[in-house]
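Shown next, in structure tokens, is the structure this report addresses.
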Amino acid sequence: SQQGEEDPQALSIQEGENATMNCSYKTSINNLQWYRQNSGRGLVHLILIRSNEREKHSGRLRVTLDTSKKSSSLLITASRAADTASYFCATGEGNTPLVFGKGTRLSVIA
Amino acid sequence: DGGITQSPKYLFRKEGQNVTLSCEQNLNHDAMYWYRQDPGQGLRLIYYSQIVNDFQKGDIAEGYSVSREKKESFPLTVTSAQKNPTAFYLCASSIGPGAYEQYFGPGTRLTVT
């Protein structure tokens, strides 16, 4: 069962621009996590935001969480060609495994 | 180096053969997971194990089997009963069950012809 749904499915921007991806989910959560996947590789954890947090920063990443709207956004500022990847949100609740969305494919053009 | 390894990176099999994908971690994590990823798609959970000698079916367990005899190892067997086995398989681990951060291996791309 896939709970998180990312939007847009694909995004293409110029280097230096900001990239925003959104994630919507359906049920209550303990936390929401964002992962990056370079083509043909495993996923890498980027950031975790707990259900009682509204915003979190890590380097050029900014994540927001709105539990009333059951949505989260990932903002990558001043994007670089190396940010080209797929980005997935994953929701966590209790002892059940994380549920991943289908991802947003980001292309950053130099 | 702590991490999670999968082997081999590429695997080719003939239809009707069983094949086993390896996953090993030295992170001392209790929980381990197997996912399947098809082109342009998200991750679908095949099986997971929260502790040694225990495992649970995920969303798409049919045609797959696993074992968890050791904490560090969680091999996945793709059986001949799996109708569309060609895919990218990812193994992951986490310190505990549930909503913890997951660490992923590099993946195994299986092609069955």
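Chains: A, B, ... in order of the structure tokens. Residues: from 1 per chain. Ligands: from 1, in order shown.
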
Where does chain A meet chain B within 7 Å, residue by residue, with the nearest atom pair and distance in Å to one decimal for each, counting only C-alpha atoms, listed by chain and rising number, as JSON lines?
{"residue": "A:Ser1", "atom": "CA", "partner": "B:Asp59", "partner_atom": "CA", "distance": 6.5}
{"residue": "A:Asn31", "atom": "CA", "partner": "B:Ala99", "partner_atom": "CA", "distance": 6.9}
{"residue": "A:Arg41", "atom": "CA", "partner": "B:Pro106", "partner_atom": "CA", "distance": 5.2}
{"residue": "A:Gly42", "atom": "CA", "partner": "B:Pro106", "partner_atom": "CA", "distance": 4.5}
{"residue": "A:Leu43", "atom": "CA", "partner": "B:Phe104", "partner_atom": "CA", "distance": 5.7}
{"residue": "A:Val44", "atom": "CA", "partner": "B:Phe104", "partner_atom": "CA", "distance": 6.8}
{"residue": "A:His45", "atom": "CA", "partner": "B:Glu101", "partner_atom": "CA", "distance": 7.0}
{"residue": "A:Gly92", "atom": "CA", "partner": "B:Ala99", "partner_atom": "CA", "distance": 4.2}
{"residue": "A:Glu93", "atom": "CA", "partner": "B:Ala99", "partner_atom": "CA", "distance": 5.7}
{"residue": "A:Gly94", "atom": "CA", "partner": "B:Gly98", "partner_atom": "CA", "distance": 5.7}
{"residue": "A:Asn95", "atom": "CA", "partner": "B:Gly98", "partner_atom": "CA", "distance": 3.8}
{"residue": "A:Thr96", "atom": "CA", "partner": "B:Gly98", "partner_atom": "CA", "distance": 4.5}
{"residue": "A:Pro97", "atom": "CA", "partner": "B:Gly98", "partner_atom": "CA", "distance": 4.6}
{"residue": "A:Leu98", "atom": "CA", "partner": "B:Ala99", "partner_atom": "CA", "distance": 5.8}
{"residue": "A:Phe100", "atom": "CA", "partner": "B:Leu43", "partner_atom": "CA", "distance": 6.1}
{"residue": "A:Gly101", "atom": "CA", "partner": "B:Gly42", "partner_atom": "CA", "distance": 5.8}
{"residue": "A:Lys102", "atom": "CA", "partner": "B:Gly42", "partner_atom": "CA", "distance": 3.8}
{"residue": "A:Gly103", "atom": "CA", "partner": "B:Gly42", "partner_atom": "CA", "distance": 6.1}

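Look at B:Val78: the protein and nucleic acid residues within 8 Å of it, using only C-alpha atoms and passing over chain neighbours fewer than 3 places away, are Asn18, Val19, Thr20, Leu21, Gly63, Tyr64, Ser65, Gln82 and Pro85 of chain B.
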
Can I get the selection written as a compact mmCIF listing (two decimals), in the first residue's frame, with C-alpha atoms?
# COMPACT_ATOMS: atom_id res chain seq x y z
CA ASN B 18 14.90 -19.92 -8.74
CA VAL B 19 17.47 -17.27 -7.87
CA THR B 20 18.70 -15.96 -4.52
CA LEU B 21 19.73 -12.36 -3.93
CA GLY B 63 6.50 -15.73 -5.69
CA TYR B 64 9.21 -14.71 -3.21
CA SER B 65 10.66 -16.28 -0.07
CA GLN B 82 6.94 -15.06 -9.59
CA PRO B 85 10.61 -11.20 -11.80

Which of chain B fall in strand (DSSP E or B), as JSON, numbers by chain = {"B": [4, 5, 6, 7, 10, 11, 12, 13, 19, 20, 21, 22, 23, 24, 25, 31, 32, 33, 34, 35, 36, 37, 43, 44, 45, 46, 47, 48, 49, 50, 51, 54, 55, 56, 57, 64, 65, 66, 70, 73, 76, 77, 78, 87, 88, 89, 90, 91, 92, 93, 94, 103, 104, 108, 109, 110, 111, 112]}

Minimum-distance residue to A:Ala81, chosen among A:Ile13, A:Ile49, A:Trp34, A:Ser58 (using only C-alpha atoms) =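 Of the candidates, the smallest distance to A:Ala81 is held by A:Ile13.
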
Interatomic distance (Å, one decimal) between atom CA of A:His57 and atom CA of A:Ser72 |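 Distance between the two atoms: 13.2 Å.
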